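One structure is given here, and the rest of the page talks about it.
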Amino acid sequence: MSTIIDVQNVSKSFGGVTANRNISLSVKKGAITGLIGPNGSGKTTLFNSIVGYHPIDAGKIQFEGREISKLPVQEIARLGLLRTFQQTRIYAQMHGLDNMLISLPHRKMRFSDAFGRNGAAEYERAEALLEFVGLYEKRFLRAGSLSFGQQKLLEFAMALMNEPTGLLLDEPTAGINPTLINGLIDRLQRANAEFGITLFVIEHNMRVIMNMADQIYCLAHGELLAQGSPDDIQKDQRVIDAYLGAH
Amino acid sequence: MKHKAFFYLILLVAMVAAPFVFPDFRTQLATLWLMIIVALTWDMTGGQMGYNSLGNITFYGTGMYVAAVITIGLVYDVGDYTGAAGGGIHAFSEAQYFSGMFLGMLGAGLFCAIMAVLIGYITFGLRGPYFAIGTLGVAIATGELVSNWEWVGGGQGIALPVYPGDLDTGKLLFYFLYAGTGVLLFVFLKWLYATRFGGAINAIRDDEEKAEAMGVHTLQYKLATWAMAAFFVGVAGAISAFQLIHFEPLETAYQTINLGIFMVVCVLLGGKGTLWGPVVGAILFHVFKEVTWNYLLGWQWVALGALIVATVVYFEGGVVGWLISKKPQWFHVQGKSSETVSEERP
């Protein structure tokens with residue numbers, strides 16, 4: 001499998017706090033890659049660096065062989081690399097279906113397409129994806145009135161609507177009812193297998209990530225602590241120590 | 001659908017009949033349409049896109065001046081004309097007047113649209129209240145610059161030729177120029193808000209950072225929206241220039257505290273982010289203003305202030321917003337009530 005996201009020696013600090021120090025990792029095309037680590041270990045900072053939220057201090061980030069570390073958020077998104085947020089972000093005043101329709105991939109549109117209306121094909125796709133995440137019945141509810149878990153699912157469906165090649169998910173199961181988590185794992189795996197989307201997932205729920213990921217990276221104190229298959233990671237004493245607070 | 005078509009037909013008939021049914025109120029009715037135009041255009045950025053501009057009056061004033069310069073410039077040297085300050089003899093034939101008016105309106109609209117793109121390129125880096133203050137600053141600065149520019153008459157302002165026909169026909173003409181522009185704008189917005197463009201600017205309003213993360217060309221949309229708004233405000237300004245005949249920069253053209261604020265109040269009163277809100281708001285506001293300015297003279301600004309406070313505190317969504325929350329089924333909105341609403345689909 002070829003590498004789709006390649007992070008080389010990336011460092012990022014905020015004032016005196018070093019959030020990421022000399023991190024190198026690679027995400028394989030078509031795989032599900034996990035990113036774990038205790039709170040404050042720099043996972044979200046690394047995501048933000050990859051999608052261009054802030055400039056990085058040192059290192060290189062490549063997406064599909066193309067240097068993206070200097071590109072702004074929108075341009076990276078239009079290359080087909082998307083992220084969802086830890087604190088869910090949806091368009092609160094619009095209903096679910098509109099949220100979906102706005103998420104059509106702008107990289108495949110010309111500006112003049114903005115003056116057209118969405119056709120039956122777009123509506124069908126939006127509704128099919130809402131059905132896919134189980135929000136079809138609620139598609140005409142104001143998105144802001146959905147529960148946090150439902151908003152999370154909506155945000156995931158919106159990301160799929162955008163037809164990305166790579167999708168960075170920041171804690172997709174946080175705030176979701178435990179009985180729904182199995183369904184979500186299934187959907188993430190189907191998005192990966194059926195739509196061919198490469199997933200890079202930050203997750204605190206070990207059961208979820210160990211079941212899903214092909215490869216896992218573990219961060220601690222802003223540094224890459226360990227990497228390997230789920231089995232390797234589970235047996236790694238350094239990872240266990242990091243989570244239990246031993247230094 | 002049939003009901004809707006009938007409803008719009010009645011409104012259209014009322015719009016055409018109004019100046020004939022109320023011949024004494026032609027000027028007030030014309031001003032009402034001006035209010036509707038500036039309120040609708042303000043809502044494009046303020047309501048639909050979430051960018052509260054206090055500087056849209058810049059395009060009104062600039063539209064006036066562009067129309068004046070074009071009309072005069074087609075026939076005379078503008079500097080000579082303003083330098084004479086009414087002393088020289090500068091006659092305009094009917095053909096010169098109307099061609100100046102037509103080109104002036106068009107030129108004002110295009111000039112303001114380009115101006116909006118240039119100003120927007122800088123000011124759209126500002127968010128929330130900073131954008132409001134930034135654009136207000138642009139309006140004040142532009143007014144001051146123009147009032148010191150002798151070529152266009154400086155602080156004294158500039159005078160346009162008088163309408164060549166009789167006064168009453170002139171009033172009708174201005175009414176229909178405003179009303180025509182207003183109807184055109186309304187139809188344009190009704191179409192625009194239903195396209196993907198409308199969705200994109202709503203997305204910017206709800207969460208611009210999310211829209212960026214989804215790859216929406218946010219700056220392009222913001223510039224295009226403001227340019228379209230500025231086009232119509234510029235045209236309205238051009239019509240005002242011909243209607244008022246003489247205008248000066250600070251109190252008439254770049255009147256930040258009057259029309260510049262009125263347009264915001266109209267939208268807040270009627271309901272932000274809705275197609276009908278600005279129209280309803282403009283009508284209510286105009287009636288309120290005419291009544292208080294006539295019967296409460298001396299207290300009119302106090303009454304206006306009280307109205308603004310009451311709207312902001314008790315009617316946050318304006319009249320239309322309040323109606324939507326009370327009768328969601330009228331607007332195809334599925335609110336807290338569990339009833340299912342059938343949405344229109346293509």
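Chain labels follow the order of the structure tokens: the first chain is A, the next B, and so on; residue numbering restarts at 1 in every chain, and ligands are counted from 1 in their shown order.
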Return as a tab-separated table the residues of chain A lying at most 9 Å from chain B, together with the closest atom-to-atom pair for each and the distance in Å to one decimal, counting only C-alpha atoms, with rows in chain order and ascending residue number.
residue	atom	partner	partner_atom	distance
A:Val51	CA	B:Ala213	CA	8.2
A:Tyr53	CA	B:Ala213	CA	9.0
A:Val73	CA	B:Ala213	CA	5.9
A:Gln74	CA	B:Gly215	CA	4.4
A:Glu75	CA	B:Gly215	CA	6.6
A:Ile76	CA	B:Gly215	CA	7.6
A:Ala77	CA	B:Gly215	CA	4.7
A:Arg78	CA	B:Gly215	CA	5.1
A:Leu79	CA	B:Gly215	CA	8.6
A:Gly80	CA	B:Gly215	CA	8.7
A:Leu82	CA	B:Met214	CA	6.8
A:Arg83	CA	B:Ala213	CA	7.1
A:Thr84	CA	B:Ala213	CA	8.4
A:Phe85	CA	B:Lys210	CA	8.8
A:Arg89	CA	B:Lys210	CA	6.3
A:Ile90	CA	B:Lys210	CA	7.2
A:Tyr91	CA	B:Asp206	CA	5.0
A:Ala92	CA	B:Asp206	CA	6.1
A:Gln93	CA	B:Asp206	CA	6.5
A:Met94	CA	B:Asn202	CA	8.1
A:His95	CA	B:Gln334	CA	8.5
A:Asp98	CA	B:Gly199	CA	7.3
A:Asn99	CA	B:Ala203	CA	8.1
A:Leu101	CA	B:Gly199	CA	8.0
A:Ile102	CA	B:Gly199	CA	5.9
A:Ser103	CA	B:Met214	CA	6.7
A:Leu104	CA	B:Met214	CA	8.8
A:Pro105	CA	B:Gly215	CA	7.5
A:His106	CA	B:Val216	CA	6.0
A:Arg107	CA	B:Gly215	CA	7.1
A:Phe111	CA	B:Gln220	CA	8.7
A:Asp113	CA	B:Arg196	CA	7.8
A:Ala114	CA	B:Phe197	CA	4.8
A:Phe115	CA	B:Thr195	CA	5.5
A:Gly116	CA	B:Thr195	CA	5.4
A:Arg117	CA	B:Thr195	CA	4.6
A:Asn118	CA	B:Arg196	CA	6.9
A:Gly119	CA	B:Pro346	CA	6.6
A:Ala120	CA	B:Pro346	CA	6.4
A:Tyr123	CA	B:Arg345	CA	8.2
A:Phe140	CA	B:Gln334	CA	6.0
A:Leu141	CA	B:Gln334	CA	5.6
A:Arg142	CA	B:Gly335	CA	7.0
A:Ser145	CA	B:Lys336	CA	8.5
A:Met158	CA	B:Met214	CA	8.8
A:Ala159	CA	B:Met214	CA	7.7
A:Asn162	CA	B:Met214	CA	7.5
Convert the current residue selection to file output with N, CA and C atoms, as a tab-separated table (two decimals), in the first residue's frame.
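Result file part_21.tsv:
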chain	number	residue	atom	x	y	z
A	51	VAL	N	-4.08	19.60	8.38
A	51	VAL	CA	-5.07	20.24	7.52
A	51	VAL	C	-4.84	21.74	7.34
A	53	TYR	N	-4.41	24.29	9.68
A	53	TYR	CA	-5.01	25.29	10.57
A	53	TYR	C	-4.01	26.29	11.07
A	73	VAL	N	-6.27	26.06	4.86
A	73	VAL	CA	-7.28	25.03	5.11
A	73	VAL	C	-8.13	24.71	3.88
A	74	GLN	N	-8.68	25.77	3.24
A	74	GLN	CA	-9.61	25.51	2.13
A	74	GLN	C	-8.96	24.74	1.00
A	75	GLU	N	-7.70	25.11	0.69
A	75	GLU	CA	-7.05	24.46	-0.44
A	75	GLU	C	-6.76	23.00	-0.15
A	76	ILE	N	-6.38	22.72	1.10
A	76	ILE	CA	-6.13	21.32	1.47
A	76	ILE	C	-7.43	20.53	1.39
A	77	ALA	N	-8.52	21.17	1.85
A	77	ALA	CA	-9.83	20.50	1.79
A	77	ALA	C	-10.19	20.21	0.34
A	78	ARG	N	-9.87	21.13	-0.55
A	78	ARG	CA	-10.22	20.94	-1.97
A	78	ARG	C	-9.32	19.91	-2.65
A	79	LEU	N	-8.19	19.57	-2.00
A	79	LEU	CA	-7.38	18.48	-2.54
A	79	LEU	C	-8.00	17.14	-2.21
A	80	GLY	N	-8.97	17.16	-1.27
A	80	GLY	CA	-9.63	15.92	-0.90
A	80	GLY	C	-9.20	15.39	0.46
A	82	LEU	N	-9.93	15.95	4.34
A	82	LEU	CA	-10.95	16.62	5.15
A	82	LEU	C	-10.78	16.21	6.60
A	83	ARG	N	-11.33	17.03	7.51
A	83	ARG	CA	-11.31	16.64	8.92
A	83	ARG	C	-12.67	16.94	9.56
A	84	THR	N	-12.98	16.17	10.60
A	84	THR	CA	-14.13	16.52	11.42
A	84	THR	C	-13.58	17.04	12.74
A	85	PHE	N	-14.44	17.73	13.49
A	85	PHE	CA	-13.96	18.41	14.69
A	85	PHE	C	-14.30	17.64	15.95
A	89	ARG	N	-18.90	20.49	14.58
A	89	ARG	CA	-19.29	21.73	13.90
A	89	ARG	C	-20.20	21.39	12.74
A	90	ILE	N	-21.42	21.91	12.84
A	90	ILE	CA	-22.39	21.76	11.76
A	90	ILE	C	-23.00	23.15	11.53
A	91	TYR	N	-23.81	23.29	10.51
A	91	TYR	CA	-24.46	24.58	10.27
A	91	TYR	C	-25.78	24.58	11.02
A	92	ALA	N	-25.75	25.20	12.21
A	92	ALA	CA	-26.82	25.00	13.20
A	92	ALA	C	-28.19	25.50	12.77
A	93	GLN	N	-28.24	26.57	11.98
A	93	GLN	CA	-29.55	27.14	11.67
A	93	GLN	C	-30.26	26.47	10.49
A	94	MET	N	-29.56	25.57	9.82
A	94	MET	CA	-30.17	24.91	8.66
A	94	MET	C	-30.55	23.48	9.02
A	95	HIS	N	-31.47	22.92	8.27
A	95	HIS	CA	-31.82	21.54	8.59
A	95	HIS	C	-30.79	20.57	7.99
A	98	ASP	N	-30.08	20.34	4.19
A	98	ASP	CA	-29.32	21.48	3.67
A	98	ASP	C	-27.86	21.39	4.06
A	99	ASN	N	-27.62	20.96	5.29
A	99	ASN	CA	-26.24	20.76	5.73
A	99	ASN	C	-25.51	19.83	4.78
A	101	LEU	N	-26.32	19.18	1.58
A	101	LEU	CA	-26.20	19.71	0.22
A	101	LEU	C	-25.08	20.75	0.11
A	102	ILE	N	-24.85	21.49	1.19
A	102	ILE	CA	-23.77	22.47	1.17
A	102	ILE	C	-22.42	21.78	1.15
A	103	SER	N	-22.41	20.53	1.63
A	103	SER	CA	-21.14	19.82	1.73
A	103	SER	C	-20.72	19.14	0.43
A	104	LEU	N	-21.46	19.37	-0.64
A	104	LEU	CA	-21.04	18.83	-1.94
A	104	LEU	C	-19.61	19.27	-2.22
A	105	PRO	N	-18.83	18.42	-2.85
A	105	PRO	CA	-17.42	18.75	-3.02
A	105	PRO	C	-17.18	19.97	-3.90
A	106	HIS	N	-16.68	21.04	-3.27
A	106	HIS	CA	-16.44	22.27	-4.02
A	106	HIS	C	-15.25	22.16	-4.94
A	107	ARG	N	-14.40	21.16	-4.68
A	107	ARG	CA	-13.24	21.04	-5.59
A	107	ARG	C	-13.68	20.56	-6.96
A	111	PHE	N	-17.05	28.01	-10.23
A	111	PHE	CA	-17.79	29.04	-9.49
A	111	PHE	C	-19.19	29.21	-10.07
A	113	ASP	N	-21.11	27.02	-11.11
A	113	ASP	CA	-22.01	25.98	-10.60
A	113	ASP	C	-22.76	26.42	-9.36
A	114	ALA	N	-22.21	27.43	-8.67
A	114	ALA	CA	-22.86	27.92	-7.46
A	114	ALA	C	-24.24	28.50	-7.78
A	115	PHE	N	-24.42	28.94	-9.02
A	115	PHE	CA	-25.69	29.57	-9.37
A	115	PHE	C	-26.71	28.58	-9.90
A	116	GLY	N	-26.37	27.30	-9.83
A	116	GLY	CA	-27.34	26.28	-10.19
A	116	GLY	C	-28.01	25.74	-8.94
A	117	ARG	N	-29.06	25.00	-9.14
A	117	ARG	CA	-29.71	24.34	-8.00
A	117	ARG	C	-29.27	22.89	-7.95
A	118	ASN	N	-29.43	22.29	-6.79
A	118	ASN	CA	-29.11	20.88	-6.68
A	118	ASN	C	-30.21	20.06	-7.33
A	119	GLY	N	-29.80	19.06	-8.09
A	119	GLY	CA	-30.77	18.24	-8.80
A	119	GLY	C	-31.17	17.02	-8.00
A	120	ALA	N	-31.99	16.19	-8.62
A	120	ALA	CA	-32.48	14.99	-7.94
A	120	ALA	C	-31.33	14.09	-7.50
A	123	TYR	N	-29.89	15.34	-4.21
A	123	TYR	CA	-30.82	15.08	-3.12
A	123	TYR	C	-30.79	13.60	-2.73
A	140	PHE	N	-35.20	17.00	8.27
A	140	PHE	CA	-35.75	18.36	8.18
A	140	PHE	C	-35.73	19.09	9.51
A	141	LEU	N	-35.09	18.51	10.51
A	141	LEU	CA	-34.95	19.21	11.78
A	141	LEU	C	-33.77	20.17	11.71
A	142	ARG	N	-33.92	21.28	12.40
A	142	ARG	CA	-32.82	22.24	12.47
A	142	ARG	C	-31.62	21.52	13.08
A	145	SER	N	-30.71	21.74	16.67
A	145	SER	CA	-31.56	21.15	17.70
A	145	SER	C	-31.31	19.65	17.86
A	158	MET	N	-21.75	14.57	6.44
A	158	MET	CA	-21.35	15.71	5.62
A	158	MET	C	-19.97	15.49	5.02
A	159	ALA	N	-19.07	14.93	5.84
A	159	ALA	CA	-17.72	14.66	5.33
A	159	ALA	C	-17.78	13.66	4.19
A	162	ASN	N	-18.76	15.05	0.88
A	162	ASN	CA	-17.70	15.81	0.22
A	162	ASN	C	-16.76	14.92	-0.60
All residues 6 Å or closer to A:Ile23, only C-alpha atoms, same chain fewer than 4 positions away omitted, as a VMD selection string: chain A and resid 9 to 10 224
Got a sec: who's within 10 Å of B:Leu12, counting only C-alpha atoms, leaving out chain neighbours fewer than 6 positions off, as a list in words?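 Once the adjacent positions are removed, what remains is Phe6, Ala18 and Val183 of chain B.
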Print the selection's residues with all heavy atoms to a file, as an mmCIF file, in the first residue's frame.
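Generated file (out21.cif):
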data_model
loop_
_atom_site.group_PDB
_atom_site.id
_atom_site.type_symbol
_atom_site.label_atom_id
_atom_site.label_comp_id
_atom_site.auth_asym_id
_atom_site.auth_seq_id
_atom_site.Cartn_x
_atom_site.Cartn_y
_atom_site.Cartn_z
ATOM 1 N N PHE B 6 -51.003 33.763 -7.178
ATOM 2 C CA PHE B 6 -52.076 34.732 -6.998
ATOM 3 C C PHE B 6 -51.649 35.841 -6.039
ATOM 4 O O PHE B 6 -51.847 37.029 -6.289
ATOM 5 C CB PHE B 6 -53.307 33.998 -6.446
ATOM 6 C CG PHE B 6 -54.542 34.835 -6.421
ATOM 7 C CD1 PHE B 6 -55.086 35.355 -7.600
ATOM 8 C CD2 PHE B 6 -55.176 35.107 -5.214
ATOM 9 C CE1 PHE B 6 -56.217 36.136 -7.561
ATOM 10 C CE2 PHE B 6 -56.304 35.897 -5.177
ATOM 11 C CZ PHE B 6 -56.834 36.409 -6.341
ATOM 12 N N ALA B 18 -50.463 51.708 -6.505
ATOM 13 C CA ALA B 18 -50.253 52.573 -5.338
ATOM 14 C C ALA B 18 -50.104 54.067 -5.655
ATOM 15 O O ALA B 18 -50.813 54.891 -5.067
ATOM 16 C CB ALA B 18 -49.076 52.063 -4.516
ATOM 17 N N VAL B 183 -38.448 45.413 -7.160
ATOM 18 C CA VAL B 183 -39.061 44.149 -7.583
ATOM 19 C C VAL B 183 -38.001 43.246 -8.225
ATOM 20 O O VAL B 183 -37.908 42.055 -7.929
ATOM 21 C CB VAL B 183 -40.227 44.406 -8.562
ATOM 22 C CG1 VAL B 183 -40.703 43.097 -9.180
ATOM 23 C CG2 VAL B 183 -41.372 45.098 -7.844
#
For a quick check of understanding, using only C-alpha atoms, which of A:Met210, A:Gly37, A:Ile68, A:Lys12 has the smallest distance to A:Val239?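 Among the listed residues, A:Gly37 lies closest to A:Val239.
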Selection: 10 Å around B:Tyr81, only C-alpha atoms, excl. self and same-chain fewer than 6 positions, as an mmCIF file with C-alpha atoms, in the first residue's frame:
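This is the output file part_27.cif:
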data_model
loop_
_atom_site.group_PDB
_atom_site.id
_atom_site.type_symbol
_atom_site.label_atom_id
_atom_site.label_comp_id
_atom_site.auth_asym_id
_atom_site.auth_seq_id
_atom_site.Cartn_x
_atom_site.Cartn_y
_atom_site.Cartn_z
ATOM 1 C CA ILE B 72 -22.719 65.953 -16.233
ATOM 2 C CA GLY B 73 -19.538 64.553 -17.703
ATOM 3 C CA VAL B 75 -22.139 67.004 -21.697
ATOM 4 C CA GLY B 87 -23.645 80.644 -11.812
ATOM 5 C CA GLY B 88 -22.970 79.463 -15.342
ATOM 6 C CA ILE B 89 -25.573 78.359 -17.790
ATOM 7 C CA HIS B 90 -25.534 74.617 -18.122
ATOM 8 C CA TRP B 151 -13.890 68.620 -8.517
ATOM 9 C CA VAL B 152 -17.218 67.084 -7.433
ATOM 10 C CA GLY B 153 -18.314 70.182 -5.552
ATOM 11 C CA ILE B 158 -23.463 68.833 -6.513
ATOM 12 C CA ALA B 159 -26.644 69.670 -8.406
#
List every residue of stretch 31-169 of chain B that DSSP, applied to the backbone of this structure, places in alpha helix (DSSP H), and write the result as a ChimeraX atom specification. /B:31-46,57-73,78-84,94-123,128-147,167-169
Contacts of stretch 30-42 of chain B within 7 Å, only C-alpha atoms, excl. fewer than 6 positions in-chain, as a list in words: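 The contact residues come out as Phe174, Tyr175, Tyr178, Ala179, Gly182, Ala229, Val233, Ala236, Met263, Val264, Cys266, Val267, Pro278, Val279, Ala282, Ile283 and His286 of chain B.
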Please indicate the distance in Å from atom CA of A:Ala242 to atom CA of A:Ala220, rounded to one decimal place.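 About the pair atom CA of A:Ala242 and atom CA of A:Ala220: they are 6.7 Å apart.
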Excluding A:His204 and its own-chain neighbours fewer than 6 positions away, which residues fall within 8 Å of it when counting only C-alpha atoms? Please give them as a list in words. Ile36, Gly37, Glu171 and Ala174 of chain A
Only N, CA, C and O atoms, please: the residues just picked out, written as a short mmCIF file (atom, residue, chain, number, x, y, z; two decimals), in the first residue's frame.
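The resulting file, out_18.cif, is shown below:
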data_model
loop_
_atom_site.label_atom_id
_atom_site.label_comp_id
_atom_site.auth_asym_id
_atom_site.auth_seq_id
_atom_site.Cartn_x
_atom_site.Cartn_y
_atom_site.Cartn_z
N ILE A 36 -3.57 7.56 19.02
CA ILE A 36 -4.01 7.59 20.40
C ILE A 36 -2.99 8.31 21.27
O ILE A 36 -1.91 8.69 20.80
N GLY A 37 -3.33 8.50 22.51
CA GLY A 37 -2.44 9.18 23.44
C GLY A 37 -3.26 9.84 24.52
O GLY A 37 -4.41 10.16 24.29
N GLU A 171 -11.95 12.07 17.38
CA GLU A 171 -12.82 11.41 18.35
C GLU A 171 -14.25 11.20 17.86
O GLU A 171 -15.18 11.79 18.38
N ALA A 174 -16.82 10.03 20.67
CA ALA A 174 -17.02 10.77 21.91
C ALA A 174 -18.43 11.35 21.95
O ALA A 174 -18.89 11.96 20.99
#
Among listed residues B:Val69, B:Val162, B:Leu126, B:Val319, nearest B:Lys222 (using only C-alpha atoms):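 Distance minimum relative to B:Lys222 lands on B:Leu126.
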